[in-house]
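Asks: Here you go, work-v4.txt (compact mmCIF, C-alpha atoms):
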# COMPACT_ATOMS: atom_id res chain seq x y z
CA MET A 1 54.68 -117.85 -41.78
CA LYS A 2 56.44 -121.19 -41.43
CA THR A 3 58.69 -120.32 -44.35
CA ILE A 4 59.59 -117.00 -42.76
CA LEU A 5 60.42 -118.70 -39.47
CA LEU A 6 62.53 -121.23 -41.31
CA VAL A 7 64.69 -118.53 -42.86
CA ILE A 8 64.87 -116.58 -39.61
CA PHE A 9 65.88 -119.43 -37.36
CA ALA A 10 68.29 -120.86 -39.92
CA ALA A 11 69.99 -117.49 -40.23
CA ALA A 12 70.77 -117.66 -36.54
CA LEU A 13 73.07 -120.55 -37.31
CA GLY A 14 75.15 -118.76 -39.95
CA PHE A 15 77.69 -117.42 -37.50
CA ALA A 16 78.25 -120.88 -36.05
CA GLY A 17 79.03 -122.38 -39.44
CA ALA A 18 81.73 -119.81 -40.04
CA MET A 19 83.55 -120.42 -36.99
CA VAL A 20 79.68 -141.63 -23.39
CA ILE A 21 79.59 -139.09 -20.60
CA VAL A 22 81.64 -136.12 -19.66
CA ARG A 23 81.80 -134.22 -16.47
CA ARG A 24 83.16 -130.81 -15.62
CA ASP A 25 86.29 -132.23 -14.02
CA ARG A 26 87.11 -134.65 -16.83
CA PRO A 27 90.16 -133.83 -18.98
CA VAL A 28 89.77 -132.86 -22.59
CA PRO A 29 89.27 -136.00 -24.70
CA VAL A 30 92.60 -137.16 -26.13
CA ALA A 31 91.21 -137.07 -29.65
CA VAL A 32 90.30 -133.43 -29.15
CA ALA A 33 93.38 -132.27 -27.27
CA GLU A 34 95.87 -133.67 -29.80
CA SER A 35 94.49 -131.85 -32.82
CA MET A 36 91.05 -130.31 -33.18
CA PRO A 37 89.05 -130.43 -35.23
CA LYS A 38 89.54 -133.92 -36.67
CA PRO A 39 87.13 -135.46 -39.17
CA LEU A 40 85.08 -138.21 -37.57
CA THR A 41 85.11 -141.73 -38.89
CA LEU A 42 81.40 -142.32 -38.62
CA GLU A 43 80.84 -145.05 -41.20
CA LYS A 44 80.19 -148.45 -39.70
CA LYS A 45 82.64 -151.19 -40.39
CA PRO A 46 81.47 -153.69 -43.03
CA GLU A 47 80.28 -156.90 -41.50
CA ALA A 48 82.57 -159.85 -42.03
CA SER A 49 81.13 -162.50 -44.33
CA ALA A 50 80.19 -165.73 -42.67
CA THR A 51 82.87 -168.45 -43.09
CA VAL A 52 83.25 -171.94 -41.75
CA ALA A 53 86.00 -172.06 -39.17
CA PRO A 54 88.64 -174.71 -39.95
CA ILE A 55 88.86 -177.65 -37.58
CA THR A 56 92.02 -177.50 -35.50
CA PRO A 57 93.44 -180.13 -33.15
CA ALA A 58 92.60 -179.70 -29.48
CA PRO A 59 95.52 -178.18 -27.56
CA THR A 60 97.66 -180.59 -25.56
CA ALA A 61 98.38 -180.10 -21.89
CA ARG A 62 101.70 -178.47 -22.74
CA GLU A 63 100.18 -175.92 -25.05
CA PRO A 64 99.00 -172.73 -23.33
CA GLN A 65 95.30 -171.97 -23.69
CA PRO A 66 94.63 -168.82 -25.75
CA VAL A 67 93.49 -165.85 -23.68
CA ALA A 68 90.08 -164.60 -24.71
CA GLU A 69 90.26 -161.03 -26.00
CA THR A 70 88.10 -158.40 -24.35
CA ALA A 71 85.44 -157.09 -26.70
CA GLN A 72 86.31 -153.60 -27.94
CA PRO A 73 83.77 -150.92 -28.88
CA ASP A 74 83.42 -150.43 -32.61
CA ALA A 75 84.77 -147.35 -34.36
CA VAL A 76 81.32 -145.79 -34.72
CA THR A 77 80.68 -145.95 -30.97
CA VAL A 78 84.10 -144.52 -30.17
CA ALA A 79 83.70 -141.66 -32.67
CA LEU A 80 80.26 -140.72 -31.38
CA ALA A 81 81.42 -140.85 -27.76
CA THR A 82 84.34 -138.56 -28.61
CA ALA A 83 81.99 -136.16 -30.36
CA ILE A 84 79.70 -135.97 -27.33
CA ASP A 85 82.67 -135.44 -25.05
CA THR A 86 83.80 -132.61 -27.31
CA VAL A 87 80.54 -130.65 -27.47
CA THR A 88 79.98 -130.92 -23.70
CA SER A 89 83.48 -130.20 -22.44
CA PRO A 90 84.11 -126.79 -20.83
CA GLN A 91 87.77 -127.16 -21.81
CA VAL A 92 87.11 -127.29 -25.55
CA SER A 93 86.96 -123.95 -27.37
CA PHE A 94 83.80 -122.58 -28.93
CA GLY A 95 85.34 -122.80 -32.40
CA GLN A 96 86.31 -126.43 -31.92
CA LYS A 97 82.80 -127.28 -30.77
CA GLN A 98 81.29 -125.61 -33.84
CA ALA A 99 83.64 -127.60 -36.08
CA MET A 100 82.46 -130.80 -34.41
CA TRP A 101 78.81 -129.80 -34.80
CA ASN A 102 79.42 -129.26 -38.52
CA GLN A 103 80.89 -132.76 -38.81
CA LEU A 104 78.00 -134.34 -36.93
CA ARG A 105 75.42 -132.52 -39.05
CA ALA A 106 77.16 -133.50 -42.29
CA ALA A 107 77.37 -137.13 -41.14
CA GLY A 108 73.66 -137.23 -40.24
CA ARG A 109 74.31 -138.12 -36.59
CA LEU A 110 72.33 -135.34 -34.89
CA ASP A 111 69.46 -137.56 -33.74
CA GLU A 112 71.88 -139.97 -32.09
CA VAL A 113 73.71 -137.13 -30.38
CA LYS A 114 70.41 -135.66 -29.20
CA ALA A 115 69.37 -138.99 -27.68
CA SER A 116 72.69 -139.33 -25.86
CA LEU A 117 72.51 -135.76 -24.58
CA GLU A 118 68.96 -136.25 -23.31
CA LYS A 119 70.13 -139.30 -21.36
CA LEU A 120 73.02 -137.30 -19.91
CA ALA A 121 70.66 -134.47 -18.97
CA THR A 122 68.41 -136.89 -17.09
CA GLU A 123 71.37 -138.39 -15.24
CA ASN A 124 73.00 -134.98 -14.57
CA PRO A 125 70.25 -132.36 -14.28
CA GLN A 126 72.65 -129.65 -13.08
CA ASP A 127 75.18 -129.97 -15.91
CA VAL A 128 75.16 -126.63 -17.74
CA GLN A 129 77.31 -127.93 -20.60
CA VAL A 130 74.86 -130.71 -21.44
CA ARG A 131 71.88 -128.33 -21.39
CA THR A 132 73.71 -125.90 -23.66
CA ALA A 133 74.64 -128.70 -26.06
CA LEU A 134 71.00 -129.79 -26.17
CA GLY A 135 70.07 -126.29 -27.27
CA GLU A 136 72.75 -126.32 -29.93
CA VAL A 137 71.73 -129.68 -31.36
CA GLN A 138 68.22 -128.27 -31.93
CA LEU A 139 69.73 -125.39 -33.92
CA GLN A 140 71.91 -127.80 -35.89
CA LYS A 141 68.83 -129.87 -36.74
CA LEU A 142 67.13 -126.67 -37.89
CA ARG A 143 70.10 -125.86 -40.07
CA SER A 144 70.01 -129.37 -41.51
CA ILE A 145 66.41 -128.78 -42.58
CA MET A 146 67.53 -125.76 -44.57
CA GLU A 147 70.38 -127.68 -46.20
CA THR A 148 68.44 -130.83 -47.05
CA GLY A 149 64.92 -129.49 -47.60
CA GLY A 150 63.36 -131.18 -44.59
CA ASP A 151 59.96 -130.57 -43.02
CA PRO A 152 59.63 -126.79 -42.43
CA SER A 153 56.91 -127.33 -39.84
CA GLU A 154 59.65 -128.48 -37.45
CA VAL A 155 61.46 -125.14 -37.59
CA PRO A 156 59.49 -123.14 -34.98
CA ILE A 157 59.41 -126.17 -32.67
CA LEU A 158 63.18 -126.62 -32.87
CA GLY A 159 63.72 -122.90 -32.30
CA MET A 160 61.56 -122.88 -29.18
CA GLN A 161 63.20 -126.04 -27.83
CA ALA A 162 66.65 -124.55 -28.33
CA ASP A 163 65.69 -121.40 -26.46
CA ARG A 164 64.23 -123.46 -23.61
CA TYR A 165 67.44 -125.45 -23.19
CA PHE A 166 69.58 -122.30 -23.21
CA SER A 167 67.33 -120.83 -20.52
CA GLN A 168 67.68 -123.99 -18.45
CA ALA A 169 71.48 -123.78 -18.77
CA LEU A 170 71.43 -120.15 -17.63
CA GLY A 171 69.21 -121.11 -14.72
CA ILE A 172 72.06 -123.37 -13.58
CA GLU A 173 74.90 -120.95 -14.39
CA PRO A 174 73.75 -117.43 -15.32
CA THR A 175 77.24 -116.31 -16.39
CA ASN A 176 77.94 -119.20 -18.76
CA TRP A 177 79.28 -117.49 -21.89
CA GLU A 178 78.27 -120.10 -24.44
CA ALA A 179 74.67 -120.37 -23.22
CA GLN A 180 74.32 -116.57 -23.07
CA PHE A 181 75.73 -116.05 -26.53
CA MET A 182 73.79 -118.84 -28.23
CA LYS A 183 70.50 -117.72 -26.70
CA ALA A 184 70.99 -114.08 -27.72
CA ALA A 185 72.35 -114.90 -31.19
CA ALA A 186 69.43 -117.18 -32.00
CA MET A 187 66.90 -114.74 -30.53
CA ALA A 188 68.36 -111.97 -32.70
CA HIS A 189 66.78 -113.66 -35.72
CA TRP A 190 63.31 -114.14 -34.30
CA PRO A 191 60.42 -112.44 -36.13
CA PRO A 192 60.18 -108.70 -35.39
CA GLY A 193 56.60 -109.17 -34.30
CA LEU A 194 57.79 -110.98 -31.18
CA ASN A 195 59.42 -107.73 -29.98
CA LYS A 196 62.65 -109.35 -28.77
CA GLN A 197 65.06 -106.74 -30.12
CA ALA A 198 65.40 -104.73 -26.90
CA GLU A 199 66.03 -107.91 -24.92
CA VAL A 200 68.64 -109.10 -27.42
CA ILE A 201 70.49 -105.77 -27.23
CA GLN A 202 70.46 -105.87 -23.44
CA ARG A 203 71.68 -109.47 -23.34
CA LEU A 204 74.52 -108.80 -25.76
CA SER A 205 75.50 -105.56 -24.01
CA ASP A 206 75.68 -107.39 -20.68
CA LEU A 207 77.69 -110.18 -22.27
CA ALA A 208 80.16 -107.68 -23.79
CA THR A 209 80.66 -106.17 -20.33
CA GLN A 210 81.22 -109.64 -18.86
CA GLN A 211 83.77 -110.45 -21.57
CA ASP A 212 85.93 -107.56 -20.38
CA THR A 213 86.44 -109.46 -17.11
CA MET A 214 87.44 -112.69 -18.90
CA ALA A 215 90.51 -113.87 -20.77
CA PRO A 216 90.06 -112.73 -24.40
CA GLN A 217 88.77 -115.35 -26.83
CA PRO A 218 88.34 -115.04 -30.63
CA GLU A 219 84.63 -115.83 -30.40
CA PHE A 220 84.05 -112.75 -28.22
CA ALA A 221 84.14 -110.67 -31.41
CA GLN A 222 80.84 -112.25 -32.44
CA THR A 223 79.09 -110.59 -29.49
CA TYR A 224 80.00 -107.13 -30.82
CA LEU A 225 79.23 -108.12 -34.39
CA ILE A 226 75.64 -109.15 -33.63
CA LEU A 227 75.16 -106.26 -31.20
CA GLY A 228 76.19 -103.77 -33.89
CA GLN A 229 73.74 -105.33 -36.33
CA GLN A 230 70.97 -105.09 -33.74
CA TYR A 231 71.67 -101.41 -33.10
CA LYS A 232 71.52 -100.76 -36.85
CA ALA A 233 68.20 -102.62 -37.14
CA ALA A 234 66.85 -100.65 -34.17
CA GLY A 235 67.55 -97.37 -35.96
CA GLN A 236 70.62 -96.45 -33.88
CA PRO A 237 73.40 -96.24 -36.51
CA GLU A 238 75.78 -94.25 -34.29
CA LYS A 239 75.74 -96.93 -31.60
CA ALA A 240 76.11 -99.57 -34.29
CA THR A 241 79.23 -97.89 -35.66
CA GLN A 242 80.71 -97.33 -32.20
CA THR A 243 80.13 -100.97 -31.27
CA ILE A 244 81.89 -102.34 -34.35
CA GLN A 245 84.74 -99.85 -34.02
CA LEU A 246 85.21 -100.96 -30.43
CA ALA A 247 85.31 -104.57 -31.60
CA ILE A 248 87.92 -103.79 -34.26
CA GLY A 249 90.13 -102.28 -31.56
CA LYS A 250 89.79 -105.42 -29.45
CA PHE A 251 89.98 -107.95 -32.29
CA PRO A 252 92.01 -106.33 -35.11
CA MET A 253 92.68 -109.67 -36.83
CA ASN A 254 88.99 -110.47 -37.38
CA PRO A 255 88.22 -109.70 -41.06
CA ASN A 256 84.45 -109.93 -40.56
CA LEU A 257 84.44 -106.79 -38.43
CA VAL A 258 85.78 -104.59 -41.20
CA GLN A 259 82.94 -105.62 -43.49
CA ALA A 260 80.49 -105.24 -40.61
CA LEU A 261 81.63 -101.65 -40.09
CA ALA A 262 80.97 -100.90 -43.76
CA ASP A 263 77.54 -102.50 -43.50
CA VAL A 264 76.37 -100.61 -40.41
CA SER A 265 77.71 -97.34 -41.85
CA LYS A 266 75.47 -97.57 -44.89
CA PRO A 267 72.45 -95.24 -44.85
Write the structure described by the file as structure tokens, please.
Replies:
Amino acid sequence: MKTILLVIFAAALGFAGAMVIVRRDRPVPVAVAESMPKPLTLEKKPEASATVAPITPAPTAREPQPVAETAQPDAVTVALATAIDTVTSPQVSFGQKQAMWNQLRAAGRLDEVKASLEKLATENPQDVQVRTALGEVQLQKLRSIMETGGDPSEVPILGMQADRYFSQALGIEPTNWEAQFMKAAAMAHWPPGLNKQAEVIQRLSDLATQQDTMAPQPEFAQTYLILGQQYKAAGQPEKATQTIQLAIGKFPMNPNLVQALADVSKP
């Protein structure tokens, strides 16, 4: 059963792979705004070898005293702070956030990010972006288990924790797109025995309706893609086809939708 859950929950992260403190009113981090995504420099600087400082004459009264330099944060701290700013900023696109998550997962920094996000959540209990990011870091950790062969017993725990954080985010802001989508997309891959399919379809249908009132975004196509797959799995092929066709009309440049239409049209 654990192995099945591992595959199921990890599959929920497939769509994401294809695509310190921040507040709602803070501007987009400079490192993000200039050119996203940028690869993080997450390796620590090598420590300088110990050397004996040469003896220098004491300065005379005429010589100006050197001004002590203010200690600067190291590159690792700066990079991690920028990453946290990125994944919790409402002004950063969904695709840019997913690119940053991929970098953090590849660099093995998810535990550090999780600890920072938990601190932010304690300090700012009503921040929907932080709660959503906490849900996403659980899914990224789950994905890391699949990629590195970690402990599969953690999979169902991570999945449940992610869902709880998404629910908390929606309790703060029910119309938050990212929290709605991530919760439904992850839930779409839960075991059939949990009988979540009808709820997933309803959530995605409501989200598709909400998207029509928002400025179009490339990631909105994913809502229709997963909804079409859910209709097909529920034995409603006509609705599945109609959903994907509607998405193609709205997002004609998305190549995944064409393949999705072929898939849902298969007997």
Asks: Just give me the gap between CA of Phe166 (chain A) and CA of Ser153 (chain A) in Å, one decimal is fine.
Replies: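 CA of Phe166 (chain A) sits 21.5 Å away from CA of Ser153 (chain A).
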Asks: What would the list of residues within 12 Å of (73.6, -143.6, -22.2) (file frame) look like as a ChimeraX atom specification, if all atoms listed in the file are what count?
Replies: /A:20-22,77,80-81,84,112-124
Asks: Which is closer to Val92 (chain A) than all the others in A:Glu238, A:Asp151, A:Glu173, A:Glu178, using all atoms listed in the file?
Replies: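 Closest residue, counting all atoms listed in the file: A:Glu178.
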Asks: What is the distance, in Å and to one decimal place, between CA of Pro267 (chain A) and CA of Gln230 (chain A)?
Replies: 14.9 Å
Asks: Nearest to Asn176 (chain A): which of A:Leu194, A:Val128, A:Leu246, A:Ala99 is it, counting all atoms listed in the file?
Replies: A:Val128
Asks: Rounded to one decimal place, report the CA of Leu134 (chain A)-CA of Gly149 (chain A) distance in Å.
Replies: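 Answer for the CA of Leu134 (chain A) to CA of Gly149 (chain A) separation: 22.3 Å.
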Asks: Of the residues A:Ala221, A:Val87, A:Ala215, A:Ala247, which is the one nearest to Gln129 (chain A), using all atoms listed in the file?
Replies: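 With all atoms listed in the file as the atom set, the closest residue is A:Val87.
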Asks: Residues at most 9 Å from Glu154 (chain A), counting only C-alpha atoms, excluding those fewer than 2 positions away in the same chain, as a ChimeraX atom specification?
Replies: /A:2,6,142,145,150-152,156-159
Asks: At a cut-off of 10 Å around the point (90.3, -118.1, -29.2) (file coordinates), what residues fall inside when counting all atoms listed in the file? I'd like the answer as a list of chain:residue names.
Replies: A:Ser93, A:Phe94, A:Gly95, A:Gln96, A:Ala215, A:Pro216, A:Gln217, A:Pro218, A:Glu219, A:Phe220, A:Ala221
Asks: Store the residues picked out above in a file with C-alpha atoms, as an mmCIF file, in the coordinates of the input.
Replies:
data_model
loop_
_atom_site.group_PDB
_atom_site.id
_atom_site.type_symbol
_atom_site.label_atom_id
_atom_site.label_comp_id
_atom_site.auth_asym_id
_atom_site.auth_seq_id
_atom_site.Cartn_x
_atom_site.Cartn_y
_atom_site.Cartn_z
ATOM 1 C CA SER A 93 86.960 -123.950 -27.370
ATOM 2 C CA PHE A 94 83.800 -122.580 -28.930
ATOM 3 C CA GLY A 95 85.340 -122.800 -32.400
ATOM 4 C CA GLN A 96 86.310 -126.430 -31.920
ATOM 5 C CA ALA A 215 90.510 -113.870 -20.770
ATOM 6 C CA PRO A 216 90.060 -112.730 -24.400
ATOM 7 C CA GLN A 217 88.770 -115.350 -26.830
ATOM 8 C CA PRO A 218 88.340 -115.040 -30.630
ATOM 9 C CA GLU A 219 84.630 -115.830 -30.400
ATOM 10 C CA PHE A 220 84.050 -112.750 -28.220
ATOM 11 C CA ALA A 221 84.140 -110.670 -31.410
#
Asks: Could you give me, as a PyMOL selection string, the residues within 12 Å of Gly235 (chain A), counting all atoms listed in the file and dropping anything in the same chain fewer than 4 positions from it?
Replies: chain A and resi 197-198+228-231+239-241+264-267
Asks: Could you give me the centre and size, in Å to one decimal, of an axis-aligned box around all listed atoms of region 143-146 of chain A with 5 Å added on every side, as JSON?
Replies:
{"center_x": 68.3, "center_y": -127.6, "center_z": -42.3, "size_x": 13.7, "size_y": 13.6, "size_z": 14.5}
